[in-house]
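What follows is entry.cif (mmCIF, C-alpha atoms and all ligand atoms).
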```cif
data_start
loop_
_atom_site.group_PDB
_atom_site.id
_atom_site.type_symbol
_atom_site.label_atom_id
_atom_site.label_comp_id
_atom_site.auth_asym_id
_atom_site.auth_seq_id
_atom_site.Cartn_x
_atom_site.Cartn_y
_atom_site.Cartn_z
ATOM 1 C CA MET U 261 0.000 0.000 0.000
ATOM 2 C CA SER U 262 1.139 3.529 -0.688
ATOM 3 C CA ALA U 263 -0.803 6.218 1.105
ATOM 4 C CA THR U 264 -2.700 9.018 -0.598
ATOM 5 C CA ILE U 265 -1.084 12.293 0.420
ATOM 6 C CA ILE U 266 -3.416 14.928 1.859
ATOM 7 C CA SER U 267 -1.897 18.185 0.656
ATOM 8 C CA GLY U 268 -2.593 20.970 3.130
ATOM 9 C CA LYS U 269 -0.960 23.336 0.670
ATOM 10 C CA GLU U 270 -3.527 22.601 -2.041
ATOM 11 C CA LEU U 271 -6.489 22.607 0.331
ATOM 12 C CA ALA U 272 -5.299 25.874 1.888
ATOM 13 C CA ALA U 273 -5.005 27.509 -1.556
ATOM 14 C CA GLN U 274 -8.539 26.431 -2.429
ATOM 15 C CA LYS U 275 -9.967 27.639 0.911
ATOM 16 C CA ARG U 276 -8.142 30.975 0.644
ATOM 17 C CA LEU U 277 -9.668 31.571 -2.775
ATOM 18 C CA GLU U 278 -13.140 31.015 -1.295
ATOM 19 C CA MET U 279 -12.296 33.308 1.614
ATOM 20 C CA LYS U 280 -11.071 36.029 -0.731
ATOM 21 C CA LYS U 281 -14.538 36.064 -2.310
ATOM 22 C CA GLU U 282 -16.167 36.175 1.139
ATOM 23 C CA VAL U 283 -13.994 39.152 2.072
ATOM 24 C CA GLU U 284 -15.030 40.947 -1.134
ATOM 25 C CA VAL U 285 -18.701 40.474 -0.194
ATOM 26 C CA LEU U 286 -18.035 41.813 3.320
ATOM 27 C CA LYS U 287 -16.189 44.809 1.889
ATOM 28 C CA GLU U 288 -19.190 45.617 -0.299
ATOM 29 C CA LYS U 289 -21.166 45.787 2.943
ATOM 30 C CA GLY U 290 -18.618 48.225 4.401
ATOM 31 C CA MET U 291 -16.799 45.662 6.519
ATOM 32 C CA THR U 292 -13.084 44.912 6.123
ATOM 33 C CA PRO U 293 -11.962 42.101 8.443
ATOM 34 C CA GLY U 294 -8.885 43.110 10.452
ATOM 35 C CA LEU U 295 -6.274 41.027 12.257
ATOM 36 C CA ALA U 296 -3.694 42.402 14.716
ATOM 37 C CA VAL U 297 -0.599 40.314 15.390
ATOM 38 C CA ILE U 298 1.854 41.068 18.196
ATOM 39 C CA LEU U 299 5.282 39.471 18.269
ATOM 40 C CA VAL U 300 7.498 39.954 21.328
ATOM 41 C CA GLY U 301 11.185 39.649 20.490
ATOM 42 C CA GLU U 302 13.121 38.494 17.476
ATOM 43 C CA ASP U 303 12.950 34.698 17.497
ATOM 44 C CA PRO U 304 13.564 33.817 13.807
ATOM 45 C CA ALA U 305 10.986 30.983 13.684
ATOM 46 C CA SER U 306 8.305 33.200 15.263
ATOM 47 C CA GLN U 307 9.223 36.039 12.881
ATOM 48 C CA SER U 308 8.757 33.807 9.874
ATOM 49 C CA TYR U 309 5.397 32.521 11.231
ATOM 50 C CA VAL U 310 4.002 36.003 11.822
ATOM 51 C CA LYS U 311 5.195 37.229 8.434
ATOM 52 C CA ALA U 312 3.471 34.254 6.781
ATOM 53 C CA LYS U 313 0.288 35.194 8.641
ATOM 54 C CA ALA U 314 0.505 38.826 7.462
ATOM 55 C CA ARG U 315 1.176 37.702 3.877
ATOM 56 C CA ALA U 316 -1.824 35.364 3.914
ATOM 57 C CA CYS U 317 -4.030 38.220 5.142
ATOM 58 C CA GLU U 318 -2.836 40.436 2.324
ATOM 59 C CA GLU U 319 -3.560 37.731 -0.295
ATOM 60 C CA THR U 320 -7.072 37.303 1.075
ATOM 61 C CA GLY U 321 -7.885 41.018 1.363
ATOM 62 C CA ILE U 322 -7.901 41.002 5.178
ATOM 63 C CA HIS U 323 -6.433 44.095 6.826
ATOM 64 C CA SER U 324 -3.498 43.118 9.033
ATOM 65 C CA GLU U 325 -1.293 44.961 11.510
ATOM 66 C CA LEU U 326 1.956 43.499 12.731
ATOM 67 C CA ASP U 327 3.444 44.983 15.898
ATOM 68 C CA ILE U 328 6.934 43.678 16.672
ATOM 69 C CA VAL U 329 7.921 44.784 20.167
ATOM 70 C CA PRO U 330 11.242 44.316 21.981
ATOM 71 C CA THR U 331 11.705 41.559 24.577
ATOM 72 C CA SER U 332 12.216 44.333 27.138
ATOM 73 C CA ILE U 333 8.507 45.296 26.977
ATOM 74 C CA SER U 334 6.877 44.969 30.398
ATOM 75 C CA GLU U 335 3.864 42.754 30.979
ATOM 76 C CA GLU U 336 1.816 45.837 31.832
ATOM 77 C CA GLU U 337 2.711 47.556 28.554
ATOM 78 C CA LEU U 338 1.833 44.442 26.552
ATOM 79 C CA LEU U 339 -1.514 44.048 28.334
ATOM 80 C CA LYS U 340 -2.259 47.734 27.590
ATOM 81 C CA LYS U 341 -1.628 47.123 23.876
ATOM 82 C CA ILE U 342 -4.079 44.209 23.956
ATOM 83 C CA GLU U 343 -6.692 46.284 25.782
ATOM 84 C CA ASP U 344 -6.368 48.999 23.105
ATOM 85 C CA LEU U 345 -6.858 46.381 20.372
ATOM 86 C CA ASN U 346 -9.897 44.988 22.225
ATOM 87 C CA MET U 347 -11.439 48.461 21.839
ATOM 88 C CA ALA U 348 -10.359 49.066 18.211
ATOM 89 C CA SER U 349 -13.398 48.748 15.947
ATOM 90 C CA HIS U 350 -11.367 47.945 12.803
ATOM 91 C CA ILE U 351 -9.714 44.918 14.475
ATOM 92 C CA HIS U 352 -11.695 41.657 14.653
ATOM 93 C CA GLY U 353 -8.929 39.251 15.572
ATOM 94 C CA ILE U 354 -5.978 39.564 17.963
ATOM 95 C CA LEU U 355 -3.061 37.139 18.010
ATOM 96 C CA VAL U 356 -0.088 37.328 20.351
ATOM 97 C CA GLN U 357 2.567 34.970 19.037
ATOM 98 C CA LEU U 358 3.689 32.377 21.580
ATOM 99 C CA PRO U 359 5.997 31.568 23.295
ATOM 100 C CA LEU U 360 6.514 34.730 25.334
ATOM 101 C CA PRO U 361 9.584 35.756 27.363
ATOM 102 C CA ASP U 362 9.661 34.421 30.947
ATOM 103 C CA HIS U 363 8.763 37.748 32.569
ATOM 104 C CA ILE U 364 5.397 37.863 30.788
ATOM 105 C CA SER U 365 2.554 35.596 31.914
ATOM 106 C CA GLU U 366 1.095 33.713 28.959
ATOM 107 C CA LYS U 367 -2.048 33.088 31.004
ATOM 108 C CA LYS U 368 -2.578 36.818 31.651
ATOM 109 C CA VAL U 369 -1.976 37.667 27.990
ATOM 110 C CA VAL U 370 -4.386 35.037 26.684
ATOM 111 C CA GLU U 371 -7.035 35.998 29.231
ATOM 112 C CA THR U 372 -6.743 39.716 28.411
ATOM 113 C CA ILE U 373 -7.647 39.167 24.751
ATOM 114 C CA SER U 374 -11.396 39.638 24.360
ATOM 115 C CA PRO U 375 -12.995 36.196 23.779
ATOM 116 C CA ASP U 376 -14.823 37.827 20.826
ATOM 117 C CA LYS U 377 -11.463 38.632 19.159
ATOM 118 C CA ASP U 378 -9.614 35.493 20.272
ATOM 119 C CA VAL U 379 -9.090 34.039 16.784
ATOM 120 C CA ASP U 380 -6.462 31.620 18.157
ATOM 121 C CA GLY U 381 -9.205 30.018 20.260
ATOM 122 C CA PHE U 382 -6.923 29.934 23.309
ATOM 123 C CA HIS U 383 -9.067 31.912 25.781
ATOM 124 C CA PRO U 384 -10.565 29.684 28.518
ATOM 125 C CA ILE U 385 -14.034 30.950 27.560
ATOM 126 C CA ASN U 386 -13.601 29.722 23.984
ATOM 127 C CA ILE U 387 -12.086 26.434 25.185
ATOM 128 C CA GLY U 388 -15.064 25.953 27.513
ATOM 129 C CA ARG U 389 -17.490 26.756 24.707
ATOM 130 C CA MET U 390 -15.717 24.299 22.393
ATOM 131 C CA MET U 391 -15.849 21.569 25.068
ATOM 132 C CA THR U 392 -19.567 22.058 25.578
ATOM 133 C CA GLY U 393 -20.253 22.043 21.834
ATOM 134 C CA GLN U 394 -21.179 25.743 21.662
ATOM 135 C CA ASP U 395 -20.328 28.248 18.966
ATOM 136 C CA ALA U 396 -16.655 29.179 19.555
ATOM 137 C CA PHE U 397 -13.418 30.044 17.809
ATOM 138 C CA SER U 398 -11.714 26.673 17.418
ATOM 139 C CA PRO U 399 -7.925 26.584 17.780
ATOM 140 C CA CYS U 400 -6.469 26.862 14.282
ATOM 141 C CA THR U 401 -4.256 23.775 13.976
ATOM 142 C CA PRO U 402 -6.908 21.378 15.353
ATOM 143 C CA ALA U 403 -9.609 22.956 13.175
ATOM 144 C CA GLY U 404 -7.321 22.663 10.131
ATOM 145 C CA ILE U 405 -6.792 18.961 10.844
ATOM 146 C CA ILE U 406 -10.547 18.310 10.894
ATOM 147 C CA GLU U 407 -10.879 20.182 7.573
ATOM 148 C CA MET U 408 -8.125 18.049 6.025
ATOM 149 C CA VAL U 409 -9.804 14.795 7.082
ATOM 150 C CA LYS U 410 -13.203 15.979 5.873
ATOM 151 C CA SER U 411 -11.741 17.141 2.551
ATOM 152 C CA LYS U 412 -11.150 13.474 1.675
ATOM 153 C CA SER U 413 -14.677 12.475 2.825
ATOM 154 C CA ILE U 414 -13.133 10.255 5.501
ATOM 155 C CA GLU U 415 -15.795 9.205 7.987
ATOM 156 C CA ILE U 416 -15.041 10.290 11.560
ATOM 157 C CA GLU U 417 -18.130 9.109 13.449
ATOM 158 C CA GLY U 418 -17.472 5.955 15.459
ATOM 159 C CA LYS U 419 -13.796 5.840 14.464
ATOM 160 C CA HIS U 420 -10.999 5.362 16.971
ATOM 161 C CA VAL U 421 -8.894 8.512 16.956
ATOM 162 C CA VAL U 422 -5.587 8.327 18.813
ATOM 163 C CA VAL U 423 -3.856 11.611 19.598
ATOM 164 C CA VAL U 424 -0.179 11.397 20.525
ATOM 165 C CA GLY U 425 0.667 14.552 22.491
ATOM 166 C CA ARG U 426 -1.374 16.597 24.947
ATOM 167 C CA SER U 427 -0.395 20.234 24.438
ATOM 168 C CA ASN U 428 -2.985 22.926 25.078
ATOM 169 C CA ILE U 429 -2.516 24.269 21.526
ATOM 170 C CA VAL U 430 -2.860 21.039 19.534
ATOM 171 C CA GLY U 431 -3.177 17.689 21.348
ATOM 172 C CA LYS U 432 -5.943 18.402 23.836
ATOM 173 C CA PRO U 433 -8.190 20.477 21.546
ATOM 174 C CA VAL U 434 -7.826 18.234 18.480
ATOM 175 C CA GLY U 435 -9.077 15.281 20.539
ATOM 176 C CA GLN U 436 -12.024 17.384 21.677
ATOM 177 C CA LEU U 437 -12.910 18.401 18.107
ATOM 178 C CA PHE U 438 -12.843 14.732 17.023
ATOM 179 C CA LEU U 439 -15.048 13.880 20.014
ATOM 180 C CA ASN U 440 -17.474 16.597 18.890
ATOM 181 C CA GLU U 441 -17.579 14.707 15.556
ATOM 182 C CA ASN U 442 -18.578 11.522 17.455
ATOM 183 C CA ALA U 443 -15.216 9.737 17.300
ATOM 184 C CA THR U 444 -13.892 7.587 20.148
ATOM 185 C CA VAL U 445 -10.763 9.387 21.325
ATOM 186 C CA THR U 446 -7.661 8.136 23.166
ATOM 187 C CA TYR U 447 -4.724 10.342 24.191
ATOM 188 C CA CYS U 448 -1.153 9.061 24.425
ATOM 189 C CA HIS U 449 1.628 11.029 26.128
ATOM 190 C CA SER U 450 5.037 10.653 27.728
ATOM 191 C CA ARG U 451 3.708 8.524 30.609
ATOM 192 C CA THR U 452 1.598 6.212 28.442
ATOM 193 C CA LYS U 453 2.381 2.523 28.764
ATOM 194 C CA ASN U 454 2.195 0.222 25.732
ATOM 195 C CA MET U 455 1.902 3.126 23.318
ATOM 196 C CA GLN U 456 2.350 0.877 20.272
ATOM 197 C CA GLU U 457 -0.615 -1.265 21.312
ATOM 198 C CA ILE U 458 -2.769 1.860 21.367
ATOM 199 C CA THR U 459 -1.481 3.574 18.218
ATOM 200 C CA THR U 460 -1.864 0.373 16.169
ATOM 201 C CA SER U 461 -5.561 0.325 17.086
ATOM 202 C CA ALA U 462 -6.097 3.839 15.676
ATOM 203 C CA ASP U 463 -8.240 4.410 12.595
ATOM 204 C CA ILE U 464 -7.051 8.022 12.639
ATOM 205 C CA LEU U 465 -3.676 8.768 14.249
ATOM 206 C CA VAL U 466 -2.720 12.374 15.050
ATOM 207 C CA VAL U 467 0.896 12.909 16.068
ATOM 208 C CA ALA U 468 1.846 16.187 17.764
ATOM 209 C CA VAL U 469 4.887 15.694 19.986
ATOM 210 C CA GLY U 470 7.625 17.718 18.272
ATOM 211 C CA ARG U 471 10.135 14.872 17.861
ATOM 212 C CA GLU U 472 11.566 13.692 14.567
ATOM 213 C CA ASN U 473 10.603 10.096 13.611
ATOM 214 C CA PHE U 474 8.653 9.598 16.836
ATOM 215 C CA ILE U 475 6.189 7.353 15.000
ATOM 216 C CA ASN U 476 7.134 4.911 12.235
ATOM 217 C CA GLY U 477 5.238 2.316 10.228
ATOM 218 C CA ASP U 478 5.380 -0.211 13.088
ATOM 219 C CA TYR U 479 3.105 2.063 15.124
ATOM 220 C CA ILE U 480 0.476 2.350 12.410
ATOM 221 C CA LYS U 481 -2.437 0.025 11.611
ATOM 222 C CA LYS U 482 -2.706 -0.919 7.947
ATOM 223 C CA GLY U 483 -5.107 1.504 6.278
ATOM 224 C CA ALA U 484 -5.059 4.133 9.057
ATOM 225 C CA VAL U 485 -5.255 7.872 8.383
ATOM 226 C CA VAL U 486 -2.091 9.554 9.733
ATOM 227 C CA ILE U 487 -1.888 13.266 10.494
ATOM 228 C CA ASP U 488 1.617 14.567 11.199
ATOM 229 C CA VAL U 489 1.593 17.864 13.108
ATOM 230 C CA GLY U 490 5.325 17.979 13.885
ATOM 231 C CA VAL U 491 7.675 20.595 12.514
ATOM 232 C CA ASN U 492 11.276 19.658 13.288
ATOM 233 C CA ARG U 493 14.617 20.367 11.689
ATOM 234 C CA ASN U 494 16.698 17.235 11.132
ATOM 235 C CA SER U 495 20.485 17.052 11.323
ATOM 236 C CA ALA U 496 20.718 18.044 7.639
ATOM 237 C CA GLY U 497 18.666 21.196 8.333
ATOM 238 C CA LYS U 498 15.620 19.854 6.493
ATOM 239 C CA LEU U 499 12.057 20.363 7.820
ATOM 240 C CA VAL U 500 10.575 17.048 8.907
ATOM 241 C CA GLY U 501 7.533 15.928 10.886
ATOM 242 C CA ASP U 502 7.068 13.580 13.843
ATOM 243 C CA VAL U 503 6.266 10.634 11.560
ATOM 244 C CA GLU U 504 8.819 8.675 9.547
ATOM 245 C CA PHE U 505 7.339 9.374 6.132
ATOM 246 C CA GLU U 506 8.691 6.442 4.112
ATOM 247 C CA THR U 507 7.602 3.654 6.477
ATOM 248 C CA ALA U 508 4.306 5.371 7.318
ATOM 249 C CA LYS U 509 3.446 5.688 3.630
ATOM 250 C CA GLU U 510 3.537 1.898 3.278
ATOM 251 C CA LYS U 511 0.986 1.384 6.071
ATOM 252 C CA ALA U 512 -1.369 4.364 5.985
ATOM 253 C CA SER U 513 -4.280 4.927 3.613
ATOM 254 C CA TYR U 514 -3.890 8.713 3.920
ATOM 255 C CA LEU U 515 -0.900 10.672 5.183
ATOM 256 C CA THR U 516 -0.111 14.375 5.584
ATOM 257 C CA PRO U 517 3.358 15.544 4.493
ATOM 258 C CA VAL U 518 5.754 17.949 6.240
ATOM 259 C CA PRO U 519 6.134 20.607 4.954
ATOM 260 C CA GLY U 520 2.951 21.315 2.989
ATOM 261 C CA GLY U 521 0.579 19.436 5.303
ATOM 262 C CA VAL U 522 -0.983 20.770 8.473
ATOM 263 C CA GLY U 523 1.071 24.008 8.538
ATOM 264 C CA PRO U 524 -0.671 25.873 5.688
ATOM 265 C CA MET U 525 -4.061 24.887 7.100
ATOM 266 C CA THR U 526 -3.277 26.487 10.482
ATOM 267 C CA ILE U 527 -2.914 29.918 8.889
ATOM 268 C CA THR U 528 -5.983 29.313 6.742
ATOM 269 C CA MET U 529 -8.122 28.649 9.823
ATOM 270 C CA LEU U 530 -6.776 31.838 11.417
ATOM 271 C CA LEU U 531 -8.051 33.799 8.406
ATOM 272 C CA HIS U 532 -11.332 31.871 8.628
ATOM 273 C CA ASN U 533 -11.768 32.817 12.312
ATOM 274 C CA THR U 534 -10.987 36.470 11.550
ATOM 275 C CA ILE U 535 -13.643 36.524 8.813
ATOM 276 C CA ILE U 536 -16.192 34.864 11.137
ATOM 277 C CA SER U 537 -15.438 37.476 13.804
ATOM 278 C CA ALA U 538 -15.978 40.352 11.350
ATOM 279 C CA ARG U 539 -19.099 38.749 9.862
ATOM 280 C CA ARG U 540 -20.742 38.591 13.300
ATOM 281 C CA LEU U 541 -20.898 42.398 13.187
ATOM 282 C CA VAL U 542 -22.643 42.528 9.792
ATOM 283 C CA ASN U 543 -26.353 41.918 9.405
HETATM 284 N N1 LIG B 1 3.002 29.752 18.365
HETATM 285 C C1 LIG B 1 3.018 28.587 17.660
HETATM 286 N N2 LIG B 1 1.806 28.345 17.128
HETATM 287 C C2 LIG B 1 0.999 29.366 17.513
HETATM 288 C C3 LIG B 1 -0.360 29.695 17.254
HETATM 289 O O1 LIG B 1 -1.112 28.954 16.599
HETATM 290 N N3 LIG B 1 -0.790 30.852 17.798
HETATM 291 C C4 LIG B 1 -0.004 31.659 18.556
HETATM 292 N N4 LIG B 1 -0.534 32.765 19.067
HETATM 293 N N5 LIG B 1 1.267 31.384 18.805
HETATM 294 C C5 LIG B 1 1.772 30.250 18.276
#
```

Please express what this file holds, its structure, as structure tokens.
Amino acid sequence: MSATIISGKELAAQKRLEMKKEVEVLKEKGMTPGLAVILVGEDPASQSYVKAKARACEETGIHSELDIVPTSISEEELLKKIEDLNMASHIHGILVQLPLPDHISEKKVVETISPDKDVDGFHPINIGRMMTGQDAFSPCTPAGIIEMVKSKSIEIEGKHVVVVGRSNIVGKPVGQLFLNENATVTYCHSRTKNMQEITTSADILVVAVGRENFINGDYIKKGAVVIDVGVNRNSAGKLVGDVEFETAKEKASYLTPVPGGVGPMTITMLLHNTIISARRLVN
């Protein structure tokens, strides 16, 4: 067996085209969706992520503002910037790029962003809404994963979904979104015993641990759908996922590549959430 590749790059391009048309319709009604991004410091990976986000906004017709502030900014000053953006009527989404320097509380930052502008879906109010099946901004990477699975008409209901990793940004919420789609969900993490026994029973396997080659073909049931969320640099400087691509390809029915898999869908869902936020204000 050789798996069908689910290209996040292609799906993202298609979704962004649809969103561009949606933005045009909103603009005709006098509404331009706006996203504000704050980056603290000069971490090169974070810089490239936020620039990709700004570029995607531009392509889609969404207004974006990028505020790069020095690491020396105080927590109070950063919270004040967020409060100002909460009040700004032309801004519908606020994103503070994580991680933050040690002297700034991530919890305080996330909780200061208005839940109505929390397009990352990280605010406890949005997480609570998502868990209780209410209307909420879903975290972008998990939401992008669901879109990728659905794009191939893969049935989710009743399937065993195994999530490897339990981060607040990806692992925990992606399991919840699959549960909302009526899957049976199991989480594996660093303390899990007999991980292979569990992963080989997965119909859909989501891997989000941040370690190169963490999962290979021996951990995959024949015919499973494998979603690789990892972004790692190998010893040759090449971007690779958490799944050993060559051995996984021989076992899986569908597989997402790295790069060009989940990554482009994360940004796409951020644009989607920003449009939804703006649309709520239009009758
Ligand atoms: N850092 C890595 N991924 C993300 C993300 O999705 N949102 C934010 N705000 N920071 C990140």

Fill in: Surrounding residues of Ala305 of chain U excluding itself and chain neighbours under 5 positions, 12 Å, all atoms listed in the file, as a PyMOL selection string
chain U and resi 299+310-312+357-359+491-493

What are the closest atom pairs, with distances in Å to one decimal, for all residues of chain U lying within 12 Å of ligand LIG 1 (chain B)? Consider all atoms listed in the file, order rows by chain and residue number, and present the result as JSON lines.
```
{"residue": "U:Ala296", "atom": "CA", "partner": "B:LIG1", "partner_atom": "N4", "distance": 11.0}
{"residue": "U:Val297", "atom": "CA", "partner": "B:LIG1", "partner_atom": "N4", "distance": 8.4}
{"residue": "U:Ile298", "atom": "CA", "partner": "B:LIG1", "partner_atom": "N4", "distance": 8.7}
{"residue": "U:Leu299", "atom": "CA", "partner": "B:LIG1", "partner_atom": "N4", "distance": 8.9}
{"residue": "U:Val300", "atom": "CA", "partner": "B:LIG1", "partner_atom": "N5", "distance": 10.9}
{"residue": "U:Asp303", "atom": "CA", "partner": "B:LIG1", "partner_atom": "N1", "distance": 11.1}
{"residue": "U:Ala305", "atom": "CA", "partner": "B:LIG1", "partner_atom": "C1", "distance": 9.2}
{"residue": "U:Ser306", "atom": "CA", "partner": "B:LIG1", "partner_atom": "N1", "distance": 7.0}
{"residue": "U:Gln307", "atom": "CA", "partner": "B:LIG1", "partner_atom": "N1", "distance": 10.4}
{"residue": "U:Ser308", "atom": "CA", "partner": "B:LIG1", "partner_atom": "C1", "distance": 11.0}
{"residue": "U:Tyr309", "atom": "CA", "partner": "B:LIG1", "partner_atom": "C1", "distance": 7.9}
{"residue": "U:Val310", "atom": "CA", "partner": "B:LIG1", "partner_atom": "N5", "distance": 8.8}
{"residue": "U:Lys313", "atom": "CA", "partner": "B:LIG1", "partner_atom": "N3", "distance": 10.2}
{"residue": "U:Gly353", "atom": "CA", "partner": "B:LIG1", "partner_atom": "N4", "distance": 11.2}
{"residue": "U:Ile354", "atom": "CA", "partner": "B:LIG1", "partner_atom": "N4", "distance": 8.8}
{"residue": "U:Leu355", "atom": "CA", "partner": "B:LIG1", "partner_atom": "N4", "distance": 5.2}
{"residue": "U:Val356", "atom": "CA", "partner": "B:LIG1", "partner_atom": "N4", "distance": 4.8}
{"residue": "U:Gln357", "atom": "CA", "partner": "B:LIG1", "partner_atom": "N4", "distance": 3.8}
{"residue": "U:Leu358", "atom": "CA", "partner": "B:LIG1", "partner_atom": "N5", "distance": 3.8}
{"residue": "U:Pro359", "atom": "CA", "partner": "B:LIG1", "partner_atom": "N1", "distance": 6.0}
{"residue": "U:Leu360", "atom": "CA", "partner": "B:LIG1", "partner_atom": "N5", "distance": 9.0}
{"residue": "U:Glu366", "atom": "CA", "partner": "B:LIG1", "partner_atom": "N4", "distance": 10.1}
{"residue": "U:Val369", "atom": "CA", "partner": "B:LIG1", "partner_atom": "N4", "distance": 10.3}
{"residue": "U:Val370", "atom": "CA", "partner": "B:LIG1", "partner_atom": "N4", "distance": 8.8}
{"residue": "U:Ile373", "atom": "CA", "partner": "B:LIG1", "partner_atom": "N4", "distance": 11.1}
{"residue": "U:Asp378", "atom": "CA", "partner": "B:LIG1", "partner_atom": "N4", "distance": 9.6}
{"residue": "U:Val379", "atom": "CA", "partner": "B:LIG1", "partner_atom": "N4", "distance": 8.9}
{"residue": "U:Asp380", "atom": "CA", "partner": "B:LIG1", "partner_atom": "N3", "distance": 5.7}
{"residue": "U:Gly381", "atom": "CA", "partner": "B:LIG1", "partner_atom": "N3", "distance": 8.8}
{"residue": "U:Phe382", "atom": "CA", "partner": "B:LIG1", "partner_atom": "N4", "distance": 8.2}
{"residue": "U:His383", "atom": "CA", "partner": "B:LIG1", "partner_atom": "N4", "distance": 10.9}
{"residue": "U:Ser398", "atom": "CA", "partner": "B:LIG1", "partner_atom": "O1", "distance": 10.9}
{"residue": "U:Pro399", "atom": "CA", "partner": "B:LIG1", "partner_atom": "O1", "distance": 7.3}
{"residue": "U:Cys400", "atom": "CA", "partner": "B:LIG1", "partner_atom": "O1", "distance": 6.2}
{"residue": "U:Thr401", "atom": "CA", "partner": "B:LIG1", "partner_atom": "O1", "distance": 6.6}
{"residue": "U:Pro402", "atom": "CA", "partner": "B:LIG1", "partner_atom": "O1", "distance": 9.6}
{"residue": "U:Ala403", "atom": "CA", "partner": "B:LIG1", "partner_atom": "O1", "distance": 10.9}
{"residue": "U:Gly404", "atom": "CA", "partner": "B:LIG1", "partner_atom": "O1", "distance": 11.0}
{"residue": "U:Ser427", "atom": "CA", "partner": "B:LIG1", "partner_atom": "N2", "distance": 11.1}
{"residue": "U:Asn428", "atom": "CA", "partner": "B:LIG1", "partner_atom": "O1", "distance": 10.6}
{"residue": "U:Ile429", "atom": "CA", "partner": "B:LIG1", "partner_atom": "O1", "distance": 6.9}
{"residue": "U:Val430", "atom": "CA", "partner": "B:LIG1", "partner_atom": "O1", "distance": 8.6}
{"residue": "U:Gly470", "atom": "CA", "partner": "B:LIG1", "partner_atom": "C1", "distance": 11.8}
{"residue": "U:Val489", "atom": "CA", "partner": "B:LIG1", "partner_atom": "N2", "distance": 11.2}
{"residue": "U:Gly490", "atom": "CA", "partner": "B:LIG1", "partner_atom": "N2", "distance": 11.4}
{"residue": "U:Val491", "atom": "CA", "partner": "B:LIG1", "partner_atom": "C1", "distance": 10.6}
{"residue": "U:Val522", "atom": "CA", "partner": "B:LIG1", "partner_atom": "O1", "distance": 11.5}
{"residue": "U:Gly523", "atom": "CA", "partner": "B:LIG1", "partner_atom": "N2", "distance": 9.7}
{"residue": "U:Pro524", "atom": "CA", "partner": "B:LIG1", "partner_atom": "O1", "distance": 11.3}
{"residue": "U:Met525", "atom": "CA", "partner": "B:LIG1", "partner_atom": "O1", "distance": 10.7}
{"residue": "U:Thr526", "atom": "CA", "partner": "B:LIG1", "partner_atom": "O1", "distance": 6.9}
{"residue": "U:Ile527", "atom": "CA", "partner": "B:LIG1", "partner_atom": "O1", "distance": 8.0}
{"residue": "U:Thr528", "atom": "CA", "partner": "B:LIG1", "partner_atom": "O1", "distance": 11.0}
{"residue": "U:Met529", "atom": "CA", "partner": "B:LIG1", "partner_atom": "O1", "distance": 9.8}
{"residue": "U:Leu530", "atom": "CA", "partner": "B:LIG1", "partner_atom": "O1", "distance": 8.2}
{"residue": "U:Leu531", "atom": "CA", "partner": "B:LIG1", "partner_atom": "O1", "distance": 11.8}
```

Item to complete: Name the residues captured by the PyMOL selection byres (((chain U and resi 348-352) around 7) and not hetatm) when it is applied to the shown file; answer as a PyMOL selection string.
Response: chain U and resi 293-296+344-347+353-354+377+534+537-538

Worksheet item: Any chance you could work out the residue set of the PyMOL selection byres (((chain U and resi 262-266) around 8) and not hetatm) here, as number ranges by chain?
Response: U: 261, 267-268, 408, 412, 509-517, 521

Item to complete: Take the PyMOL selection byres (((chain U and resi 322) around 10) and not hetatm), apply it to the structure above, and return the hits as a VMD selection string.
Response: chain U and resid 279 to 280 283 to 284 287 292 to 295 314 to 321 323 to 325 531 534 to 535

Item to complete: For each of U:Ala508, U:Leu465, U:Ile414, U:Leu286, take the minimum atom-to-atom distance to Gly477 of chain U, counting only C-alpha atoms, then give the residue where this is smallest.
Response: U:Ala508

Worksheet entry | Nearest residue to Glu343 of chain U from the set U:Asp502, U:Lys368, U:Lys269, U:Asn543 (distances using only C-alpha atoms) |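 Nearest to Glu343 of chain U: U:Lys368.
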
Discussion item. Between atom CA of Glu270 of chain U and atom CA of Gly483 of chain U, what distance in Å does the model show, to one decimal?
Written reply: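 Between atom CA of Glu270 of chain U and atom CA of Gly483 of chain U the gap works out to 22.7 Å.
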
Worksheet item: Restricting the calculation to only C-alpha atoms, which member of U:Ile416, U:Ser334, U:His449, U:Arg471 is positioned closest to Ser365 of chain U?
Response: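 Among U:Ile416, U:Ser334, U:His449, U:Arg471, it is U:Ser334 that comes nearest to Ser365 of chain U.
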
Worksheet item: Could you work out how far atom CA of Ile342 of chain U lies from atom CA of Val329 of chain U, giving the answer in Å with one decimal?
Response: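 Taking atom CA of Val329 of chain U as the start and atom CA of Ile342 of chain U as the end point, the length is 12.6 Å.
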
Item to complete: Tell me which protein, DNA and RNA residues are within 10 Å of Thr459 of chain U, counting all atoms listed in the file, leaving out same-chain ones fewer than 2 positions away, and put them as a ChimeraX atom specification.
Response: /U:420-424,446-448,454-457,461-467,475,478-481,484

Worksheet item: Which residue gives the smallest distance to Gln274 of chain U among U:Lys367, U:Ala496, U:Ser411, U:Asp395, with only C-alpha atoms counted?
Response: U:Ser411

Extending 5 Å beyond the listed atoms of segment 293-309 of chain U on each side, what axis-aligned box results? I want centre and edge lengths in Å to one decimal, as JSON.
```
{"center_x": 0.8, "center_y": 37.0, "center_z": 14.9, "size_x": 35.5, "size_y": 22.1, "size_z": 22.9}
```

Fill in: Point-to-point distance from atom CA of Glu278 of chain U to atom CA of Thr392 of chain U, Å rounded to tenths
29.0 Å
